[in-house]
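Have a look at the structure below, then the notes.
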Amino acid sequence: MRAIWVRLCTIVVVIGILTTGCGTATLPASEQADTNIGETGVPTVEEVYRGLEQTLKRPGYVFHSTIGSEMPADPSSASGTNQIWINAERDVAREEISPSPANRIFMKSTSIIANGKQYRLDPHGEVSELEPIRCHGASAVISLVLGCPGPIGQWTTTVETGRYDGKPTIVLVTSGTVEGPDGRANSTGRRHLETDTYLPIALEHDVMEDHGETKTTVSRGTGVFTNEFVPADSLPGNFFDPASIGYVEHDPADQLRATHWGIPVYWLDQLLDRTGDLPPLILGSVEVPDYPGPGYQFNLNYHSADDPYGPPVLTIEEWSQADWDANDAKNRAKMPPSWENPCWEREVIELTDGRATIFSGFTLETLHAPAPDGSSSEAACPKQPHDQFIAQVEFGPTFLFIQAPGGLDQNRSPYDTREGMEAAARALRPFKGGS
């Protein structure tokens, strides 16, 4: 029974303090924690995560937190220190776990979150590539700071007000139950946050082992956060580069070569050289959906060649024309696509062996923003220039949907322009490694 509860304690500590010490997975919506904002005007769980993201986005600065944890000195002890560094603008993070000598659960490790992946260096010198944990609609780096429910068991997260060290706090309360063959473990973690910034202050958590007639405390511990913002240029240039911990880059095009897609495949090559004033692009990953039914075959994520581990600046979904038509008809029956809004414009461009349609329009935020005089602008198109662009490209049986992800702030993709969409469409070429 002890081995089972040691494993359960590992999961509990993961959501509380050492968030990369266990298996990782993106939680589907049906498994994400419930929220309860109460009746006191406290924020929702999602608002807390979004609020912290805004706090951490400081141009030119990196958030650094040192978390000291204390657990009972027994075989399930998880005492130690871990540090995290987050550049929220680039959506990258680094975590270094330093357990105490008596620690029996965690080993020293270093992890980097970049390019939508987690790269973990273990004490044996092996580097593994994992899917980082995300929850409550937040990015992996924000989820790293605030934690996520465990990958197994039943969990709920609520928000309430509290006090820590004599000061008022916002408290994220995560409670869960994990079933074992001889009983269950009940866990409650209380993460205290600053009321205005949502920066973490401390974590208190308890785990109770339930054998039916008796309950025994398995572990009770605390974690204290020491936070600061440091200049980004004070860190080594490769600090968030997976290669800095020994990761050897694989060829993302191997995914394209390994599968017979049934349609001609198009891409922008491994590296797209500079096109006019636009930055060069490098292929970061090839994502294949894991859900059944007709949909896009794969998604190509292109990054700025100057920041290959930052967020993608151009994404290309590749469909069969038949699947796109079927999906388009199904979705239109529910709601017209955004580019059919009368405020959007379209332009058809002839390409060699195909054609592209460039759509120029507005984000929902722009369309629904109030006019300068305070009246609603929904009845008329905004007077400002277009601020969202997509391209649809047809090459016989192959259909490509091109977007430039990002917001309207300094993180906006340089390809999110009419010129960027046309440049991407014209640069498409057949993939010669297979089809």
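Just so we're on the same page: first chain in the structure tokens is A, next is B, and so on; residues restart at 1 for each chain, and ligands are numbered from 1 in the order they show up.
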
* To do: For Asp196 of chain A, please output as JSON, numbers by chain all residues within 12 Å (counting only C-alpha atoms; exclusion window: fewer than 5 positions along the same chain).
  => {"A": [42, 43, 48, 51, 52, 54, 55, 168, 169, 170]}

Would you mind exporting the chosen residues as a CSV table (one decimal), in the first residue's frame, restricted to C-alpha atoms?
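Produced file selection.csv, reproduced below:
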chain,number,residue,atom,x,y,z
A,42,VAL,CA,-14.0,36.9,-6.5
A,43,PRO,CA,-12.6,36.1,-10.0
A,48,VAL,CA,-7.1,34.2,-12.5
A,51,GLY,CA,-4.8,37.9,-15.1
A,52,LEU,CA,-1.5,36.2,-14.3
A,54,GLN,CA,-1.1,39.8,-18.2
A,55,THR,CA,1.0,40.4,-15.1
A,168,PRO,CA,-5.5,39.2,2.1
A,169,THR,CA,-5.1,36.8,-0.7
A,170,ILE,CA,-6.9,35.2,-3.6

* To do: DSSP on the backbone, then: every residue of segment 110-263 of chain A marked helix (DSSP H, G or I), written as a ChimeraX atom specification.
  => /A:140-146,232-234,242-245,254-257

* To do: Might you pull out every residue within 12 Å of Ser338 of chain A, with only C-alpha atoms counted and same-chain residues fewer than 2 positions away left off, and present them as an NGL selection string?
  => :A and (328 or 331-332 or 335-336 or 340-345 or 359-364 or 367 or 388-390)

* Asked: What is the distance between atom CA of Thr110 of chain A and atom CA of Glu96 of chain A, in Å to one decimal?
  ->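 Distance reported for this atom pair: 4.5 Å.
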
* Which residues, written as a ChimeraX atom specification, have at least one atom at most 6 Å from Asn301 of chain A, with only C-alpha atoms counted and residues fewer than 2 positions away on the same chain left out? -> /A:284-285,312,315

* Which neighbours of segment 420-423 of chain A fall inside 8 Å, counting only C-alpha atoms, when residues of the same chain fewer than 5 positions from it are skipped, and could you give them as a ChimeraX atom specification? -> /A:275,278,358,389-391,402-403,414-415

* To do: Taking the DSSP assignment computed from this structure's backbone, write out as a ChimeraX atom specification all residues of segment 276-429 of chain A that belong to strand (DSSP E).
  => /A:281-287,298-304,314-320,345-351,354-361,388-395,398-403,429

* By how many Å are atom CA of Glu95 of chain A and atom CA of Arg50 of chain A apart? -> 20.9 Å

* When distances are computed from only C-alpha atoms, which of A:Asp277, A:Asp323, A:Glu365, A:Glu228 shows the smallest separation from Thr398 of chain A? ->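 Checking each of A:Asp277, A:Asp323, A:Glu365, A:Glu228 against Thr398 of chain A, counting only C-alpha atoms, the winner is A:Asp323.
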
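Nearest to Glu160 of chain A of all the residues A:Thr195, A:Asn327, A:Gln118, A:Asn82 is A:Thr195, counting only C-alpha atoms.
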
* **For Pro430 of chain A: contacts at 12 Å, only C-alpha atoms, fewer than 4 positions along chain excluded, given as a ChimeraX atom specification** => /A:256,263-269,352-354,395,398,426,434-435

* Can you work out the spacing between atom CA of Gly116 of chain A and atom CA of Pro289 of chain A in Å, to one decimal? => 14.8 Å

* Compile the contact shell of Gly237 of chain A as number ranges by chain: residues with an atom at most 12 Å away, counting only C-alpha atoms, same-chain residues fewer than 6 positions apart removed. => A: 243-244, 307

* To do: Choose the residue, out of A:Val92, A:Ile245, A:Val286, A:Ala404, that has the smallest atom-to-atom separation from Thr417 of chain A; count only C-alpha atoms.
  =>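 Comparing A:Val92, A:Ile245, A:Val286, A:Ala404 against Thr417 of chain A, the winner is A:Ala404.
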